[in-house]
Amino acid sequence: MMFCYHDGEFTPLEKAYVPLSDYAIQRGIGVFESIRTYDRRPFAPGPHLERLLRSAEQAGIEARDMVARIPRIFKEILARPELPEGEVIMKPYITGGDVMENKRFPRPRLYVLVEPLELPDPELYRTGIALQPVAMERPFPLIKSINYMFGYIPVAGMGDVFESLFCPNGEITEASSSNFFLCAGGKLITAPVGRVLAGITRGIVLHLAKEAGFRIEERCPRVNELETADEAFITGSIKEILPVVRIGGRRIGNGKPGPVTQHLHRLYKASIHKWLG
Ligand SMILES: *Cc1c(COP(=O)(O)O)cnc(C)c1O
């Protein structure tokens, strides 16, 4: 069902391995992307792979040639006989490899994991989700790092919380694996790239919202703006647009998914075909 590309070979996922000598294991050095399909075609592969290369470069991993080979690997994956039925997710991982020179990683490893696509429970789009505010920032926000520990620790055991929401010094940046938007006073407010990861979904939502005539402010929303906010949502390639109805102990708006969120999600779904590779 699940398989992995590595070093020119396709193997069942349980047979694939990372050597213990790899800096991914030793020191958490690694970057990745998640690319889903719609109609068995990859969603926004170009932007995802550009971001993968930027992540690697900022982490000191020399991966330009490696990333350049991935589009061809994606094509091979999507033609494999062992490809699961239905939609899939392809996850390229670039690890630090075994060598560190001048605090850089010149010999990285590439893995591309392939899994059946698993989506959030559809009920969550009707009820909305809860986020847990955490008074810290994701370090090196432009890097899509394999290290999610700082987002997971604060919500360990909190079954009703979807993700952590990073809120350093009263400012809201991003959720642990999503971008965050606030709708308040007829405006859409979201943190600027640099304070947060350049989410592909974030970019598309902003583009669609501008086209639809929404007023947009690219700045970090403040935690105290939540009191008067009408709606909030998070974005990501797998979850698309997911309404947020509670943040910590605070209810957002009337506690239900709102019309702006639902409207943007409809626009988003209608535009997906434009982004398929
Ligand atoms: C993956 C991720 C996102 C979502 O990015 P998309 O490109 O929209 O899928 C947002 N924030 C963080 C921290 C992430 O890891």
# chains A, B, ... in the order shown; residues from 1 in each chain; ligands from 1
>>> closest_atom_pairs(of="chain A", to="ligand 1", cutoff="9 Å", atoms="only C-alpha atoms and all ligand atoms", output="CSV")
residue,atom,partner,partner_atom_place_in_ligand_line,distance
A:Phe32,CA,ligand 1,1 (C),8.7
A:Glu33,CA,ligand 1,1 (C),6.9
A:Ser34,CA,ligand 1,9 (O),6.8
A:Ile35,CA,ligand 1,9 (O),7.8
A:Pro47,CA,ligand 1,7 (O),8.3
A:His48,CA,ligand 1,7 (O),6.7
A:Arg51,CA,ligand 1,7 (O),8.5
A:Arg138,CA,ligand 1,13 (C),7.6
A:Pro141,CA,ligand 1,13 (C),7.1
A:Leu142,CA,ligand 1,13 (C),8.4
A:Ile143,CA,ligand 1,15 (O),8.2
A:Lys144,CA,ligand 1,15 (O),5.2
A:Ser145,CA,ligand 1,15 (O),7.2
A:Ile146,CA,ligand 1,15 (O),8.4
A:Tyr148,CA,ligand 1,15 (O),8.1
A:Glu174,CA,ligand 1,11 (N),6.4
A:Ala175,CA,ligand 1,13 (C),6.3
A:Ser176,CA,ligand 1,13 (C),5.0
A:Ser177,CA,ligand 1,14 (C),3.7
A:Ser178,CA,ligand 1,10 (C),3.4
A:Asn179,CA,ligand 1,10 (C),4.6
A:Phe180,CA,ligand 1,10 (C),8.3
A:Val196,CA,ligand 1,11 (N),7.0
A:Leu197,CA,ligand 1,11 (N),5.3
A:Ala198,CA,ligand 1,7 (O),6.8
A:Gly199,CA,ligand 1,7 (O),3.6
A:Ile200,CA,ligand 1,7 (O),3.6
A:Thr201,CA,ligand 1,8 (O),3.7
A:Arg202,CA,ligand 1,8 (O),5.6
A:Gly203,CA,ligand 1,8 (O),7.7
A:Ile204,CA,ligand 1,8 (O),8.6
A:Ile234,CA,ligand 1,10 (C),8.6
A:Thr235,CA,ligand 1,8 (O),5.8
A:Gly236,CA,ligand 1,8 (O),3.5
A:Ser237,CA,ligand 1,9 (O),3.7
A:Ile238,CA,ligand 1,9 (O),6.5
A:Lys239,CA,ligand 1,9 (O),8.2
A:Glu240,CA,ligand 1,8 (O),7.5
>>> write_last_selection(atoms="N, CA, C and O atoms", output="compact mmCIF listing (two decimals), in the first residue's frame")
# COMPACT_ATOMS: atom_id res chain seq x y z
N PHE A 32 11.12 18.79 4.36
CA PHE A 32 10.19 17.95 3.60
C PHE A 32 9.08 18.78 2.99
O PHE A 32 8.94 19.97 3.26
N GLU A 33 8.27 18.11 2.18
CA GLU A 33 7.05 18.69 1.61
C GLU A 33 5.99 17.60 1.60
O GLU A 33 6.31 16.41 1.58
N SER A 34 4.72 18.02 1.58
CA SER A 34 3.60 17.09 1.38
C SER A 34 2.85 17.54 0.15
O SER A 34 2.34 18.65 0.11
N ILE A 35 2.80 16.69 -0.84
CA ILE A 35 2.12 17.04 -2.09
C ILE A 35 1.02 16.04 -2.34
O ILE A 35 1.27 14.84 -2.48
N PRO A 47 5.55 25.03 -7.06
CA PRO A 47 5.74 25.83 -5.84
C PRO A 47 6.22 24.99 -4.64
O PRO A 47 7.05 25.45 -3.85
N HIS A 48 5.70 23.77 -4.51
CA HIS A 48 6.15 22.93 -3.39
C HIS A 48 7.63 22.60 -3.50
O HIS A 48 8.37 22.62 -2.51
N ARG A 51 9.85 25.56 -2.76
CA ARG A 51 9.95 25.76 -1.32
C ARG A 51 10.85 24.70 -0.67
O ARG A 51 11.60 25.01 0.26
N ARG A 138 7.80 29.68 15.98
CA ARG A 138 8.50 28.57 15.34
C ARG A 138 9.85 29.11 14.87
O ARG A 138 9.90 30.11 14.18
N PRO A 141 11.16 30.36 10.55
CA PRO A 141 9.82 30.07 10.02
C PRO A 141 9.76 29.76 8.53
O PRO A 141 8.78 29.16 8.07
N LEU A 142 10.79 30.16 7.75
CA LEU A 142 10.72 29.87 6.31
C LEU A 142 11.12 28.44 5.97
O LEU A 142 10.99 28.01 4.83
N ILE A 143 11.63 27.71 6.96
CA ILE A 143 12.05 26.32 6.71
C ILE A 143 10.93 25.36 7.08
O ILE A 143 10.41 25.40 8.20
N LYS A 144 10.54 24.50 6.14
CA LYS A 144 9.60 23.42 6.48
C LYS A 144 10.43 22.25 6.98
O LYS A 144 10.83 21.36 6.23
N SER A 145 10.70 22.30 8.27
CA SER A 145 11.60 21.35 8.93
C SER A 145 10.85 20.09 9.33
O SER A 145 9.63 20.12 9.52
N ILE A 146 11.58 19.00 9.48
CA ILE A 146 10.95 17.77 9.97
C ILE A 146 10.68 17.84 11.47
O ILE A 146 10.00 16.97 12.01
N TYR A 148 8.76 18.93 14.44
CA TYR A 148 7.50 19.51 14.90
C TYR A 148 7.35 19.43 16.41
O TYR A 148 6.28 19.66 16.95
N GLU A 174 1.56 31.54 13.26
CA GLU A 174 1.03 30.42 12.47
C GLU A 174 0.69 29.26 13.41
O GLU A 174 1.10 29.25 14.57
N ALA A 175 -0.03 28.28 12.87
CA ALA A 175 -0.29 27.06 13.63
C ALA A 175 0.85 26.08 13.33
O ALA A 175 1.70 26.33 12.47
N SER A 176 0.90 24.95 14.06
CA SER A 176 2.11 24.12 13.97
C SER A 176 2.31 23.55 12.58
O SER A 176 3.45 23.39 12.15
N SER A 177 1.24 23.29 11.81
CA SER A 177 1.47 22.90 10.42
C SER A 177 0.48 23.56 9.47
O SER A 177 0.10 22.96 8.46
N SER A 178 0.08 24.79 9.79
CA SER A 178 -0.89 25.51 8.96
C SER A 178 -0.63 27.01 9.07
O SER A 178 -0.11 27.47 10.08
N ASN A 179 -1.06 27.75 8.07
CA ASN A 179 -1.11 29.20 8.18
C ASN A 179 -2.45 29.60 8.81
O ASN A 179 -3.43 28.85 8.74
N PHE A 180 -2.46 30.78 9.42
CA PHE A 180 -3.63 31.23 10.19
C PHE A 180 -4.17 32.53 9.62
O PHE A 180 -3.39 33.43 9.28
N VAL A 196 6.29 33.68 9.04
CA VAL A 196 5.66 32.36 8.93
C VAL A 196 6.14 31.69 7.65
O VAL A 196 6.71 32.33 6.76
N LEU A 197 5.85 30.40 7.55
CA LEU A 197 6.15 29.66 6.32
C LEU A 197 5.32 30.24 5.16
O LEU A 197 4.17 30.64 5.34
N ALA A 198 5.92 30.24 3.97
CA ALA A 198 5.20 30.67 2.77
C ALA A 198 4.29 29.53 2.32
O ALA A 198 4.63 28.77 1.41
N GLY A 199 3.15 29.40 2.97
CA GLY A 199 2.21 28.32 2.64
C GLY A 199 1.71 28.47 1.21
O GLY A 199 1.36 29.57 0.79
N ILE A 200 1.68 27.37 0.48
CA ILE A 200 1.17 27.41 -0.89
C ILE A 200 -0.33 27.72 -0.84
O ILE A 200 -0.84 28.54 -1.61
N THR A 201 -1.03 27.09 0.08
CA THR A 201 -2.46 27.35 0.23
C THR A 201 -2.71 28.80 0.66
O THR A 201 -3.61 29.46 0.14
N ARG A 202 -1.89 29.28 1.60
CA ARG A 202 -1.97 30.69 2.01
C ARG A 202 -1.90 31.61 0.80
O ARG A 202 -2.71 32.53 0.64
N GLY A 203 -0.92 31.37 -0.08
CA GLY A 203 -0.74 32.21 -1.26
C GLY A 203 -1.95 32.17 -2.18
O GLY A 203 -2.40 33.21 -2.68
N ILE A 204 -2.50 30.99 -2.38
CA ILE A 204 -3.66 30.86 -3.28
C ILE A 204 -4.88 31.55 -2.65
O ILE A 204 -5.62 32.26 -3.33
N ILE A 234 -7.61 28.12 9.30
CA ILE A 234 -6.24 27.74 8.99
C ILE A 234 -6.21 27.14 7.59
O ILE A 234 -7.23 26.65 7.09
N THR A 235 -5.02 27.19 6.97
CA THR A 235 -4.88 26.66 5.62
C THR A 235 -3.69 25.70 5.53
O THR A 235 -2.71 25.84 6.25
N GLY A 236 -3.80 24.75 4.62
CA GLY A 236 -2.71 23.81 4.32
C GLY A 236 -3.14 22.96 3.15
O GLY A 236 -4.34 22.79 2.92
N SER A 237 -2.18 22.44 2.40
CA SER A 237 -2.53 21.71 1.17
C SER A 237 -3.44 20.53 1.40
O SER A 237 -4.23 20.19 0.53
N ILE A 238 -3.30 19.84 2.52
CA ILE A 238 -4.14 18.66 2.75
C ILE A 238 -5.50 19.09 3.30
O ILE A 238 -6.53 18.66 2.82
N LYS A 239 -5.49 19.97 4.30
CA LYS A 239 -6.74 20.38 4.95
C LYS A 239 -7.49 21.44 4.16
O LYS A 239 -8.67 21.70 4.43
N GLU A 240 -6.83 22.07 3.19
CA GLU A 240 -7.41 23.19 2.43
C GLU A 240 -7.71 24.34 3.40
O GLU A 240 -6.78 24.94 3.91
>>> select_by_dssp(residues="segment 148-233 of chain A", states="helix (DSSP H, G or I)", output="list of chain:residue names")
A:Met149, A:Phe150, A:Gly151, A:Tyr152, A:Ile153, A:Pro154, A:Val155, A:Pro168, A:Asn169, A:Gly170, A:Ile200, A:Thr201, A:Arg202, A:Gly203, A:Ile204, A:Val205, A:Leu206, A:His207, A:Leu208, A:Ala209, A:Lys210, A:Glu211, A:Val223, A:Asn224, A:Glu225, A:Leu226, A:Glu227, A:Thr228
>>> write_last_selection(atoms="N, CA, C and O atoms", output="short mmCIF file (atom, residue, chain, number, x, y, z; two decimals), in the first residue's frame")
data_model
loop_
_atom_site.label_atom_id
_atom_site.label_comp_id
_atom_site.auth_asym_id
_atom_site.auth_seq_id
_atom_site.Cartn_x
_atom_site.Cartn_y
_atom_site.Cartn_z
N MET A 149 8.46 19.09 17.08
CA MET A 149 8.39 18.85 18.52
C MET A 149 7.81 20.04 19.29
O MET A 149 6.99 19.88 20.19
N PHE A 150 8.22 21.27 18.89
CA PHE A 150 7.81 22.44 19.68
C PHE A 150 6.32 22.74 19.53
O PHE A 150 5.73 23.36 20.40
N GLY A 151 5.73 22.30 18.42
CA GLY A 151 4.28 22.45 18.28
C GLY A 151 3.51 21.34 18.96
O GLY A 151 2.39 21.54 19.42
N TYR A 152 4.11 20.16 19.05
CA TYR A 152 3.40 19.01 19.61
C TYR A 152 3.41 19.01 21.15
O TYR A 152 2.41 18.66 21.77
N ILE A 153 4.55 19.41 21.73
CA ILE A 153 4.68 19.33 23.19
C ILE A 153 3.54 20.06 23.92
O ILE A 153 2.92 19.49 24.82
N PRO A 154 3.20 21.31 23.52
CA PRO A 154 2.19 22.03 24.30
C PRO A 154 0.78 21.44 24.21
O PRO A 154 -0.07 21.79 25.03
N VAL A 155 0.51 20.56 23.22
CA VAL A 155 -0.85 20.01 23.09
C VAL A 155 -0.88 18.51 23.36
O VAL A 155 -1.91 17.86 23.11
N PRO A 168 3.83 34.48 19.81
CA PRO A 168 4.91 35.12 20.56
C PRO A 168 4.55 36.57 20.88
O PRO A 168 4.06 37.29 20.01
N ASN A 169 4.74 36.99 22.12
CA ASN A 169 4.52 38.38 22.54
C ASN A 169 3.17 38.95 22.11
O ASN A 169 3.08 40.09 21.66
N GLY A 170 2.13 38.18 22.24
CA GLY A 170 0.79 38.69 21.92
C GLY A 170 0.48 38.79 20.44
O GLY A 170 -0.58 39.28 20.05
N ILE A 200 1.68 27.37 0.48
CA ILE A 200 1.17 27.41 -0.89
C ILE A 200 -0.33 27.72 -0.84
O ILE A 200 -0.84 28.54 -1.61
N THR A 201 -1.03 27.09 0.08
CA THR A 201 -2.46 27.35 0.23
C THR A 201 -2.71 28.80 0.66
O THR A 201 -3.61 29.46 0.14
N ARG A 202 -1.89 29.28 1.60
CA ARG A 202 -1.97 30.69 2.01
C ARG A 202 -1.90 31.61 0.80
O ARG A 202 -2.71 32.53 0.64
N GLY A 203 -0.92 31.37 -0.08
CA GLY A 203 -0.74 32.21 -1.26
C GLY A 203 -1.95 32.17 -2.18
O GLY A 203 -2.40 33.21 -2.68
N ILE A 204 -2.50 30.99 -2.38
CA ILE A 204 -3.66 30.86 -3.28
C ILE A 204 -4.88 31.55 -2.65
O ILE A 204 -5.62 32.26 -3.33
N VAL A 205 -5.06 31.36 -1.34
CA VAL A 205 -6.21 31.98 -0.66
C VAL A 205 -6.10 33.51 -0.75
O VAL A 205 -7.10 34.20 -1.04
N LEU A 206 -4.91 34.05 -0.56
CA LEU A 206 -4.74 35.51 -0.65
C LEU A 206 -5.05 35.99 -2.07
O LEU A 206 -5.72 37.01 -2.26
N HIS A 207 -4.57 35.25 -3.06
CA HIS A 207 -4.83 35.60 -4.46
C HIS A 207 -6.35 35.61 -4.74
O HIS A 207 -6.88 36.57 -5.30
N LEU A 208 -7.03 34.54 -4.29
CA LEU A 208 -8.47 34.45 -4.54
C LEU A 208 -9.24 35.53 -3.78
O LEU A 208 -10.20 36.10 -4.29
N ALA A 209 -8.79 35.81 -2.57
CA ALA A 209 -9.49 36.81 -1.75
C ALA A 209 -9.33 38.21 -2.36
O ALA A 209 -10.29 38.98 -2.39
N LYS A 210 -8.14 38.51 -2.87
CA LYS A 210 -7.92 39.81 -3.54
C LYS A 210 -8.83 39.92 -4.75
O LYS A 210 -9.51 40.92 -4.95
N GLU A 211 -8.84 38.85 -5.56
CA GLU A 211 -9.69 38.83 -6.75
C GLU A 211 -11.16 39.05 -6.40
O GLU A 211 -11.89 39.69 -7.14
N VAL A 223 -3.32 38.85 19.62
CA VAL A 223 -4.19 37.94 20.39
C VAL A 223 -5.42 38.69 20.89
O VAL A 223 -6.53 38.16 20.89
N ASN A 224 -5.25 39.99 21.27
CA ASN A 224 -6.42 40.70 21.79
C ASN A 224 -7.45 41.06 20.71
O ASN A 224 -8.56 41.47 21.02
N GLU A 225 -7.09 40.88 19.45
CA GLU A 225 -8.09 41.07 18.38
C GLU A 225 -9.06 39.89 18.28
O GLU A 225 -10.07 39.98 17.59
N LEU A 226 -8.71 38.78 18.93
CA LEU A 226 -9.59 37.60 18.84
C LEU A 226 -10.96 37.89 19.44
O LEU A 226 -11.97 37.35 19.01
N GLU A 227 -10.98 38.77 20.46
CA GLU A 227 -12.24 39.06 21.15
C GLU A 227 -13.31 39.58 20.21
O GLU A 227 -14.48 39.25 20.34
N THR A 228 -12.88 40.43 19.25
CA THR A 228 -13.86 41.06 18.37
C THR A 228 -13.87 40.44 16.96
O THR A 228 -14.59 40.92 16.10
#
>>> closest_residue(among="A:Phe140, A:Tyr125, A:Phe74, A:Tyr23", to="Met100 of chain A", atoms="only C-alpha atoms")
A:Tyr23
>>> closest_residue(among="A:Met136, A:Leu13, A:Met2, A:Leu53", to="Asp65 of chain A", atoms="only C-alpha atoms")
A:Leu53
>>> residues_around(residues="Ile29 of chain A", least_positions_apart="6", cutoff="10 Å", atoms="only C-alpha atoms", output="PyMOL selection string")
chain A and resi 22-23+56+59-61+94-97+105+108+145-147
>>> closest_residue(among="A:Glu163, A:Glu123, A:Glu217, A:Glu171", to="Glu137 of chain A", atoms="only C-alpha atoms")
A:Glu171
>>> closest_residue(among="A:Ile70, A:Leu131, A:Leu182, A:Met158", to="Val112 of chain A", atoms="only C-alpha atoms")
A:Ile70
>>> closest_residue(among="A:Gly128, A:Gly86, A:Pro257, A:Pro19", to="Tyr38 of chain A", atoms="only C-alpha atoms")
A:Gly86
>>> atom_distance(atom1="atom CA of Val134 of chain A", atom2="atom CA of Ile89 of chain A")
29.1 Å
>>> select_by_dssp(residues="segment 50-239 of chain A", states="strand (DSSP E or B)", output="number ranges by chain")
A: 61, 88-95, 101, 104-105, 109-116, 129-134, 145, 163-166, 171, 174-175, 178-184, 187-190, 193, 196, 215-218, 222, 231-236
>>> closest_residue(among="A:Lys274, A:Arg72, A:Thr37, A:Arg54", to="Glu118 of chain A", atoms="only C-alpha atoms")
A:Thr37
